[in-house]
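Structure file target.txt; described as compact mmCIF, C-alpha atoms and all ligand atoms.
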```txt
# COMPACT_ATOMS: atom_id res chain seq x y z
CA MET A 1 78.54 93.28 99.04
CA SER A 2 76.20 96.06 100.08
CA GLU A 3 75.59 98.81 97.52
CA SER A 4 76.04 101.45 100.18
CA LYS A 5 79.69 100.59 100.66
CA LEU A 6 82.14 103.46 100.83
CA SER A 7 84.67 103.87 98.06
CA GLU A 8 87.43 103.92 100.62
CA GLY A 9 87.59 101.88 103.78
CA LYS A 10 89.53 102.70 106.88
CA LEU A 11 90.60 101.29 110.19
CA ILE A 12 89.50 103.07 113.35
CA VAL A 13 90.84 102.21 116.78
CA VAL A 14 88.62 103.07 119.74
CA THR A 15 90.24 102.98 123.17
CA GLY A 16 89.16 104.13 126.61
CA PRO A 17 88.87 102.77 130.13
CA SER A 18 86.60 99.89 130.90
CA GLY A 19 83.16 101.25 131.85
CA VAL A 20 83.53 104.53 129.96
CA GLY A 21 80.78 103.54 127.52
CA LYS A 22 82.68 102.33 124.42
CA GLY A 23 80.38 99.36 123.90
CA THR A 24 77.26 101.48 124.39
CA LEU A 25 78.44 104.09 121.89
CA LEU A 26 79.57 101.55 119.32
CA ARG A 27 76.32 99.57 119.54
CA ARG A 28 74.42 102.78 118.82
CA LEU A 29 76.67 103.49 115.83
CA LEU A 30 76.09 100.04 114.44
CA GLU A 31 72.32 100.50 114.73
CA LEU A 32 72.60 103.76 112.79
CA TYR A 33 75.06 102.56 110.11
CA PRO A 34 74.73 98.79 109.76
CA ASP A 35 75.95 98.81 106.15
CA ARG A 36 78.94 101.07 106.61
CA ILE A 37 80.53 99.89 109.83
CA LEU A 38 82.08 96.55 110.71
CA PHE A 39 83.24 95.58 114.16
CA SER A 40 86.23 93.39 114.48
CA ILE A 41 85.39 90.54 116.83
CA SER A 42 88.23 90.08 119.27
CA ALA A 43 89.36 86.92 120.97
CA THR A 44 89.73 86.73 124.74
CA THR A 45 90.57 84.23 127.44
CA ARG A 46 88.14 85.82 129.92
CA SER A 47 84.86 84.07 130.66
CA PRO A 48 81.69 85.24 128.91
CA ARG A 49 79.46 87.62 130.88
CA ILE A 50 75.76 86.88 131.11
CA GLY A 51 74.26 87.53 127.70
CA GLU A 52 77.56 87.37 125.80
CA GLU A 53 77.88 84.83 123.00
CA HIS A 54 80.89 83.15 121.44
CA GLY A 55 81.43 84.69 118.00
CA ARG A 56 79.25 87.73 118.72
CA GLU A 57 80.87 89.81 121.50
CA TYR A 58 84.11 87.82 121.47
CA PHE A 59 85.63 84.52 120.49
CA PHE A 60 86.03 83.01 123.95
CA TRP A 61 89.15 80.91 123.58
CA SER A 62 91.09 78.90 126.12
CA HIS A 63 94.54 80.11 127.08
CA ALA A 64 96.09 77.30 125.04
CA GLU A 65 94.04 78.12 121.93
CA PHE A 66 94.85 81.81 122.24
CA GLU A 67 98.56 81.17 122.62
CA GLN A 68 98.63 78.79 119.70
CA LYS A 69 97.04 81.42 117.41
CA ARG A 70 99.26 84.16 118.80
CA ASP A 71 102.35 82.07 118.09
CA ALA A 72 101.10 81.44 114.55
CA ASN A 73 101.01 85.26 114.10
CA GLU A 74 97.25 85.28 113.64
CA PHE A 75 96.73 88.48 115.64
CA LEU A 76 97.09 92.03 114.34
CA GLU A 77 97.71 92.97 117.98
CA TRP A 78 97.22 91.37 121.37
CA ALA A 79 97.66 92.34 125.01
CA GLU A 80 97.14 91.13 128.54
CA TYR A 81 94.51 93.10 130.42
CA ALA A 82 93.34 92.58 134.02
CA GLY A 83 94.66 89.02 134.04
CA ASN A 84 93.28 87.91 130.66
CA LEU A 85 94.53 87.89 127.08
CA TYR A 86 92.75 89.85 124.34
CA GLY A 87 93.60 90.05 120.64
CA THR A 88 92.39 91.12 117.20
CA PRO A 89 92.36 88.29 114.65
CA ARG A 90 93.90 89.57 111.39
CA GLN A 91 91.61 87.52 109.22
CA ALA A 92 88.78 89.54 107.67
CA ILE A 93 90.14 92.98 108.55
CA ASP A 94 92.25 93.63 105.43
CA GLN A 95 89.51 92.26 103.22
CA ALA A 96 86.81 94.41 104.85
CA ILE A 97 88.88 97.57 104.44
CA ALA A 98 89.61 96.71 100.82
CA LEU A 99 85.85 96.38 100.29
CA GLY A 100 85.34 99.90 101.58
CA HIS A 101 84.14 99.33 105.11
CA ILE A 102 84.93 101.37 108.18
CA VAL A 103 86.38 98.72 110.47
CA LEU A 104 86.30 99.48 114.18
CA LEU A 105 88.64 97.92 116.71
CA GLU A 106 87.62 98.44 120.33
CA ILE A 107 90.87 97.67 122.13
CA GLU A 108 92.90 98.71 125.16
CA LEU A 109 95.95 100.97 125.23
CA GLU A 110 98.78 98.50 124.57
CA GLY A 111 96.94 97.09 121.56
CA ALA A 112 96.26 100.62 120.27
CA ARG A 113 99.98 101.36 120.51
CA GLN A 114 100.81 98.22 118.54
CA VAL A 115 98.35 99.20 115.79
CA ALA A 116 99.84 102.73 115.69
CA ARG A 117 103.23 101.15 114.96
CA SER A 118 102.09 98.56 112.43
CA LEU A 119 99.34 100.56 110.70
CA PRO A 120 100.12 104.26 111.20
CA ASP A 121 97.25 105.32 108.91
CA ALA A 122 94.66 103.97 111.33
CA GLN A 123 92.71 106.73 113.04
CA ARG A 124 92.82 106.48 116.84
CA ILE A 125 90.01 107.76 119.03
CA PHE A 126 90.13 107.93 122.82
CA ILE A 127 86.86 107.84 124.78
CA ALA A 128 87.34 109.54 128.15
CA PRO A 129 85.06 109.62 131.22
CA PRO A 130 83.86 112.96 132.62
CA SER A 131 85.71 112.02 135.85
CA MET A 132 87.15 108.97 137.59
CA GLN A 133 84.21 109.05 140.04
CA VAL A 134 81.72 108.78 137.19
CA LEU A 135 83.78 105.96 135.69
CA GLU A 136 83.72 104.03 138.97
CA SER A 137 79.93 104.43 139.30
CA ARG A 138 79.41 103.23 135.73
CA LEU A 139 81.55 100.16 136.39
CA ARG A 140 79.72 99.42 139.65
CA ASP A 141 76.25 100.09 138.24
CA ARG A 142 76.96 97.80 135.27
CA CYS A 143 77.13 94.91 137.78
CA THR A 144 79.27 92.73 135.51
CA ASP A 145 82.57 92.68 137.35
CA SER A 146 83.67 91.61 140.81
CA ASP A 147 85.12 94.14 143.23
CA LYS A 148 88.57 92.76 142.51
CA GLN A 149 88.06 93.20 138.76
CA ILE A 150 86.72 96.74 139.27
CA ILE A 151 89.82 97.71 141.23
CA LYS A 152 92.08 96.30 138.49
CA ARG A 153 90.06 98.12 135.84
CA LEU A 154 90.19 101.45 137.70
CA HIS A 155 93.94 101.09 138.12
CA HIS A 156 94.32 100.47 134.40
CA ALA A 157 91.99 103.42 133.72
CA GLU A 158 94.43 105.86 135.36
CA LEU A 159 97.17 104.73 132.97
CA GLU A 160 94.85 104.90 129.98
CA VAL A 161 93.51 108.39 130.73
CA ALA A 162 97.10 109.61 131.18
CA ALA A 163 97.84 108.40 127.62
CA ALA A 164 94.88 110.14 125.96
CA ASN A 165 97.20 112.64 124.28
CA GLU A 166 98.70 109.83 122.15
CA PHE A 167 95.41 109.64 120.24
CA ASP A 168 94.21 111.66 117.25
CA VAL A 169 90.94 112.67 118.94
CA THR A 170 89.50 112.52 122.48
CA ILE A 171 85.74 112.34 123.01
CA ILE A 172 84.37 112.75 126.54
CA ASN A 173 81.41 110.44 127.06
CA ASP A 174 79.34 112.57 129.44
CA ASP A 175 76.03 112.98 127.61
CA LEU A 176 75.68 109.90 125.41
CA GLU A 177 73.95 111.70 122.53
CA VAL A 178 76.59 114.43 122.38
CA ALA A 179 79.40 111.86 122.42
CA LEU A 180 77.65 109.90 119.67
CA GLN A 181 77.39 112.99 117.47
CA GLN A 182 81.08 113.71 117.98
CA LEU A 183 81.97 110.16 117.07
CA GLU A 184 79.84 110.32 113.91
CA LYS A 185 81.57 113.53 112.91
CA VAL A 186 85.02 111.98 113.31
CA LEU A 187 84.09 108.84 111.41
CA PHE A 188 82.26 110.37 108.50
CA HIS A 189 83.46 113.96 108.13
CA ASP A 190 87.10 114.16 109.24
P1 LIG B 201 82.76 99.87 128.11
O1 LIG B 201 82.33 99.15 126.86
O2 LIG B 201 83.60 101.08 127.81
O3 LIG B 201 83.38 98.99 129.13
P2 LIG B 201 79.87 100.12 128.59
O4 LIG B 201 79.39 100.51 127.24
O5 LIG B 201 79.61 98.72 129.05
O6 LIG B 201 81.42 100.48 128.78
O7 LIG B 201 79.21 101.15 129.62
C1 LIG B 201 79.41 101.01 131.02
C2 LIG B 201 78.12 101.41 131.74
O8 LIG B 201 77.93 102.82 131.61
C3 LIG B 201 76.87 100.75 131.15
O9 LIG B 201 76.03 100.36 132.22
C4 LIG B 201 76.26 101.84 130.28
O10 LIG B 201 74.85 101.71 130.20
C5 LIG B 201 76.65 103.11 131.04
N1 LIG B 201 76.87 104.28 130.16
C6 LIG B 201 77.51 104.33 128.98
N2 LIG B 201 77.54 105.59 128.48
C7 LIG B 201 76.90 106.37 129.39
C8 LIG B 201 76.60 107.79 129.46
N3 LIG B 201 76.98 108.64 128.51
N4 LIG B 201 75.94 108.23 130.55
C9 LIG B 201 75.57 107.37 131.54
N5 LIG B 201 75.79 106.03 131.53
C10 LIG B 201 76.47 105.53 130.47
P1 LIG B 202 86.12 93.63 128.63
O1 LIG B 202 86.66 92.50 129.43
O2 LIG B 202 85.50 94.71 129.50
O3 LIG B 202 85.22 93.19 127.50
O4 LIG B 202 87.36 94.34 127.91
C1 LIG B 202 88.46 94.75 128.67
C2 LIG B 202 89.37 95.61 127.83
O5 LIG B 202 89.92 94.84 126.76
C3 LIG B 202 88.67 96.82 127.18
O6 LIG B 202 89.50 97.97 127.38
C4 LIG B 202 88.62 96.45 125.72
O7 LIG B 202 88.70 97.60 124.89
C5 LIG B 202 89.88 95.62 125.58
N1 LIG B 202 89.87 94.73 124.42
C6 LIG B 202 88.83 94.07 123.88
N2 LIG B 202 89.23 93.38 122.80
C7 LIG B 202 90.55 93.63 122.65
C8 LIG B 202 91.53 93.21 121.68
O8 LIG B 202 91.28 92.50 120.72
N3 LIG B 202 92.80 93.66 121.87
C9 LIG B 202 93.15 94.47 122.90
N4 LIG B 202 94.43 94.88 122.96
N5 LIG B 202 92.25 94.89 123.81
C10 LIG B 202 90.97 94.47 123.68
```

In structure tokens, write the structure found in this file.
Ligand code: ADP
Ligand code: 5GP
Amino acid sequence: MSESKLSEGKLIVVTGPSGVGKGTLLRRLLELYPDRILFSISATTRSPRIGEEHGREYFFWSHAEFEQKRDANEFLEWAEYAGNLYGTPRQAIDQAIALGHIVLLEIELEGARQVARSLPDAQRIFIAPPSMQVLESRLRDRCTDSDKQIIKRLHHAELEVAAANEFDVTIINDDLEVALQQLEKVLFHD
């Protein structure tokens, strides 16, 4: 294990509407702190986007595979989102925390609520957009989702933004660098 490990690991849940910039922020964090941060790799039944790889962004499982693992209690949490199933495999998380890593789960609202119930010590961060208009432009400019998907995602976003007060901290991702600094402060100094 890396010598730069922390003496104490922790679980951090990062939630926020699709398109708000969670992935962008978390990729930057990983570049800055490759030895301290571990991302949990989720499983999903959605199809890979261009450039996504099985085992890197997600484990892309069939519905049947996902359900079989869910029924075997292999997920810490799982939820349906915009017509697909998403879940956090338990394996590796407990071990990584015990080894002193900061483990990040980037998950939607229902999953974050499940983690709050099962692991109340996890710190929960909400990433909010500056406005719903900005969120919609980010989703459209990303060019990864169909119009139908974007509408579903914006609908979900309203519900998620309304639940921001359930989280320990809210960070508004307007200027990326400012949001990144706020995230670093929460992870390493709070
Ligand atoms: P999420 O992971 O939350 O779905 P992404 O990280 O894919 O969101 O970001 C959605 C889009 O918004 C991407 O095209 C990304 O480059 C852009 N983006 C992210 N953060 C910002 C920001 N602070 N300002 C402007 N554009 C941003
Ligand atoms: P996307 O399809 O854009 O990659 O992700 C859609 C949504 O699913 C995002 O809000 C993302 O945070 C969430 N998500 C990704 N992995 C998981 C997971 O393991 N569990 C839950 N509950 N949500 C997830």

Legend entry - Among the residues A:His101, A:Arg90, A:Arg140, A:Lys152, the one that comes closest to ligand LIG 201 (chain B) [using all atoms listed in the file]: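 Ranking A:His101, A:Arg90, A:Arg140, A:Lys152 by distance to ligand LIG 201 (chain B), first place goes to A:Arg140.
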
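Distances here use all atoms listed in the file; by that measure, the residue among A:Gly111, A:Pro17, A:Gly9, A:Pro130 closest to ligand LIG 201 (chain B) is A:Pro17.
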
Please report, as CSV, each residue of chain A lying at most 9 Å from ligand LIG 202 (chain B), together with the nearest pair of atoms and the separation in Å rounded to one decimal; use all atoms listed in the file, and order rows by chain and ascending residue number.
```
residue,atom,partner,partner_atom,distance
A:Val14,CA,B:LIG202,O7,7.5
A:Thr15,CA,B:LIG202,O7,5.9
A:Gly16,CA,B:LIG202,O6,6.2
A:Pro17,CA,B:LIG202,O6,5.6
A:Ser18,CA,B:LIG202,O6,4.9
A:Gly19,CA,B:LIG202,O2,7.3
A:Lys22,CA,B:LIG202,O7,7.7
A:Gly23,CA,B:LIG202,O7,8.6
A:Ser40,CA,B:LIG202,O8,8.1
A:Ile41,CA,B:LIG202,O8,7.3
A:Ser42,CA,B:LIG202,O8,4.2
A:Ala43,CA,B:LIG202,O8,5.9
A:Thr44,CA,B:LIG202,N2,6.9
A:Arg46,CA,B:LIG202,O1,6.9
A:Ser47,CA,B:LIG202,O1,8.7
A:Pro48,CA,B:LIG202,O3,8.8
A:Arg49,CA,B:LIG202,O3,8.7
A:Glu57,CA,B:LIG202,O3,8.1
A:Tyr58,CA,B:LIG202,N2,7.7
A:Phe75,CA,B:LIG202,O8,8.5
A:Leu76,CA,B:LIG202,O8,8.6
A:Glu77,CA,B:LIG202,N4,6.3
A:Trp78,CA,B:LIG202,N4,4.8
A:Ala79,CA,B:LIG202,N4,4.6
A:Glu80,CA,B:LIG202,N4,7.2
A:Tyr81,CA,B:LIG202,O5,6.1
A:Ala82,CA,B:LIG202,C1,7.6
A:Asn84,CA,B:LIG202,O1,8.1
A:Leu85,CA,B:LIG202,C9,7.9
A:Tyr86,CA,B:LIG202,C8,4.5
A:Gly87,CA,B:LIG202,O8,3.4
A:Thr88,CA,B:LIG202,O8,3.9
A:Pro89,CA,B:LIG202,O8,7.5
A:Leu105,CA,B:LIG202,O8,7.2
A:Glu106,CA,B:LIG202,O7,4.8
A:Ile107,CA,B:LIG202,O7,3.5
A:Glu108,CA,B:LIG202,N5,4.1
A:Leu109,CA,B:LIG202,N4,6.7
A:Glu110,CA,B:LIG202,N4,5.9
A:Gly111,CA,B:LIG202,N4,3.6
A:Ala112,CA,B:LIG202,N4,6.6
A:Arg113,CA,B:LIG202,N4,8.9
A:Gln114,CA,B:LIG202,N4,8.4
A:Thr144,CA,B:LIG202,O2,8.9
A:Asp145,CA,B:LIG202,O2,8.6
A:Arg153,CA,B:LIG202,C1,8.1
A:His156,CA,B:LIG202,O6,8.9
A:Ala157,CA,B:LIG202,O6,8.7
```

Inset, instruction - Taking only C-alpha atoms and all ligand atoms into account, report as a ChimeraX atom specification which residues have an atom no farther than 9 Å from an atom of ligand LIG 201 (chain B). - result: /A:15-27,106,127,129,134-135,137-144,172-180

Mind writing the picked residues with C-alpha atoms as a PDB file, keeping the file's coordinate frame?
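Saved as selection-v5.pdb:
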```
ATOM      1  CA  THR A  15      90.240 102.980 123.170  1.00  0.00           C
ATOM      2  CA  GLY A  16      89.160 104.130 126.610  1.00  0.00           C
ATOM      3  CA  PRO A  17      88.870 102.770 130.130  1.00  0.00           C
ATOM      4  CA  SER A  18      86.600  99.890 130.900  1.00  0.00           C
ATOM      5  CA  GLY A  19      83.160 101.250 131.850  1.00  0.00           C
ATOM      6  CA  VAL A  20      83.530 104.530 129.960  1.00  0.00           C
ATOM      7  CA  GLY A  21      80.780 103.540 127.520  1.00  0.00           C
ATOM      8  CA  LYS A  22      82.680 102.330 124.420  1.00  0.00           C
ATOM      9  CA  GLY A  23      80.380  99.360 123.900  1.00  0.00           C
ATOM     10  CA  THR A  24      77.260 101.480 124.390  1.00  0.00           C
ATOM     11  CA  LEU A  25      78.440 104.090 121.890  1.00  0.00           C
ATOM     12  CA  LEU A  26      79.570 101.550 119.320  1.00  0.00           C
ATOM     13  CA  ARG A  27      76.320  99.570 119.540  1.00  0.00           C
ATOM     14  CA  GLU A 106      87.620  98.440 120.330  1.00  0.00           C
ATOM     15  CA  ILE A 127      86.860 107.840 124.780  1.00  0.00           C
ATOM     16  CA  PRO A 129      85.060 109.620 131.220  1.00  0.00           C
ATOM     17  CA  VAL A 134      81.720 108.780 137.190  1.00  0.00           C
ATOM     18  CA  LEU A 135      83.780 105.960 135.690  1.00  0.00           C
ATOM     19  CA  SER A 137      79.930 104.430 139.300  1.00  0.00           C
ATOM     20  CA  ARG A 138      79.410 103.230 135.730  1.00  0.00           C
ATOM     21  CA  LEU A 139      81.550 100.160 136.390  1.00  0.00           C
ATOM     22  CA  ARG A 140      79.720  99.420 139.650  1.00  0.00           C
ATOM     23  CA  ASP A 141      76.250 100.090 138.240  1.00  0.00           C
ATOM     24  CA  ARG A 142      76.960  97.800 135.270  1.00  0.00           C
ATOM     25  CA  CYS A 143      77.130  94.910 137.780  1.00  0.00           C
ATOM     26  CA  THR A 144      79.270  92.730 135.510  1.00  0.00           C
ATOM     27  CA  ILE A 172      84.370 112.750 126.540  1.00  0.00           C
ATOM     28  CA  ASN A 173      81.410 110.440 127.060  1.00  0.00           C
ATOM     29  CA  ASP A 174      79.340 112.570 129.440  1.00  0.00           C
ATOM     30  CA  ASP A 175      76.030 112.980 127.610  1.00  0.00           C
ATOM     31  CA  LEU A 176      75.680 109.900 125.410  1.00  0.00           C
ATOM     32  CA  GLU A 177      73.950 111.700 122.530  1.00  0.00           C
ATOM     33  CA  VAL A 178      76.590 114.430 122.380  1.00  0.00           C
ATOM     34  CA  ALA A 179      79.400 111.860 122.420  1.00  0.00           C
ATOM     35  CA  LEU A 180      77.650 109.900 119.670  1.00  0.00           C
TER      36      LEU A 180
END
```

Legend entry - Pairwise distance for CA of Phe39 (chain A) and CA of Phe126 (chain A), rounded to one decimal in Å: 16.6 Å

Inset, instruction - Could you tell me how far CA of Ile50 (chain A) lies from CA of Lys148 (chain A), in Å and to one decimal? - result: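 According to the coordinates, CA of Ile50 (chain A) and CA of Lys148 (chain A) are separated by 18.1 Å.
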
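Taking all atoms listed in the file into account, Gln95 (chain A) lies nearest to A:Leu38 out of the set A:Leu38, A:Ser118, A:Glu53, A:Leu159.
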
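CA of Leu30 (chain A) is found 17.1 Å from CA of Glu52 (chain A).
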
Legend entry - Nearest to Ile102 (chain A) by atom-to-atom distance, counting all atoms listed in the file, from A:Arg117, A:Ile150, A:Ser131, A:Ile12: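 That would be A:Ile12, the residue with the smallest distance to Ile102 (chain A).
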
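Nearest-residue note for Lys185 (chain A): choosing from A:Ala72, A:Leu154, A:Ile125, A:Leu99, the minimum distance belongs to A:Ile125, counting all atoms listed in the file.
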
Atoms are missing here; could region 9-28 of chain A be completed with N, CA and C atoms and written as a compact mmCIF listing (two decimals), in the frame of the given file?
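Wrote part24.txt, looks like this:
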```txt
# COMPACT_ATOMS: atom_id res chain seq x y z
N GLY A 9 87.77 102.34 102.40
CA GLY A 9 87.59 101.88 103.78
C GLY A 9 88.66 102.44 104.67
N LYS A 10 88.46 102.27 105.97
CA LYS A 10 89.53 102.70 106.88
C LYS A 10 89.43 101.94 108.20
N LEU A 11 90.54 101.97 108.90
CA LEU A 11 90.60 101.29 110.19
C LEU A 11 90.56 102.34 111.30
N ILE A 12 89.65 102.13 112.24
CA ILE A 12 89.50 103.07 113.35
C ILE A 12 89.73 102.29 114.65
N VAL A 13 90.59 102.83 115.48
CA VAL A 13 90.84 102.21 116.78
C VAL A 13 90.14 103.04 117.85
N VAL A 14 89.32 102.38 118.66
CA VAL A 14 88.62 103.07 119.74
C VAL A 14 89.13 102.51 121.06
N THR A 15 89.66 103.40 121.88
CA THR A 15 90.24 102.98 123.17
C THR A 15 89.67 103.86 124.28
N GLY A 16 89.62 103.34 125.46
CA GLY A 16 89.16 104.13 126.61
C GLY A 16 88.96 103.16 127.75
N PRO A 17 88.95 103.67 128.98
CA PRO A 17 88.87 102.77 130.13
C PRO A 17 87.61 101.92 130.14
N SER A 18 87.74 100.77 130.74
CA SER A 18 86.60 99.89 130.90
C SER A 18 85.51 100.64 131.66
N GLY A 19 84.28 100.58 131.18
CA GLY A 19 83.16 101.25 131.85
C GLY A 19 82.88 102.65 131.34
N VAL A 20 83.73 103.15 130.43
CA VAL A 20 83.53 104.53 129.96
C VAL A 20 82.32 104.64 129.01
N GLY A 21 81.94 103.50 128.41
CA GLY A 21 80.78 103.54 127.52
C GLY A 21 81.12 103.23 126.06
N LYS A 22 82.28 102.64 125.81
CA LYS A 22 82.68 102.33 124.42
C LYS A 22 81.65 101.42 123.76
N GLY A 23 81.32 100.35 124.46
CA GLY A 23 80.38 99.36 123.90
C GLY A 23 79.03 100.00 123.62
N THR A 24 78.56 100.83 124.55
CA THR A 24 77.26 101.48 124.39
C THR A 24 77.28 102.38 123.16
N LEU A 25 78.34 103.18 123.03
CA LEU A 25 78.44 104.09 121.89
C LEU A 25 78.55 103.32 120.58
N LEU A 26 79.34 102.28 120.58
CA LEU A 26 79.57 101.55 119.32
C LEU A 26 78.34 100.75 118.90
N ARG A 27 77.58 100.26 119.89
CA ARG A 27 76.32 99.57 119.54
C ARG A 27 75.35 100.54 118.88
N ARG A 28 75.30 101.77 119.41
CA ARG A 28 74.42 102.78 118.82
C ARG A 28 74.86 103.10 117.39
```
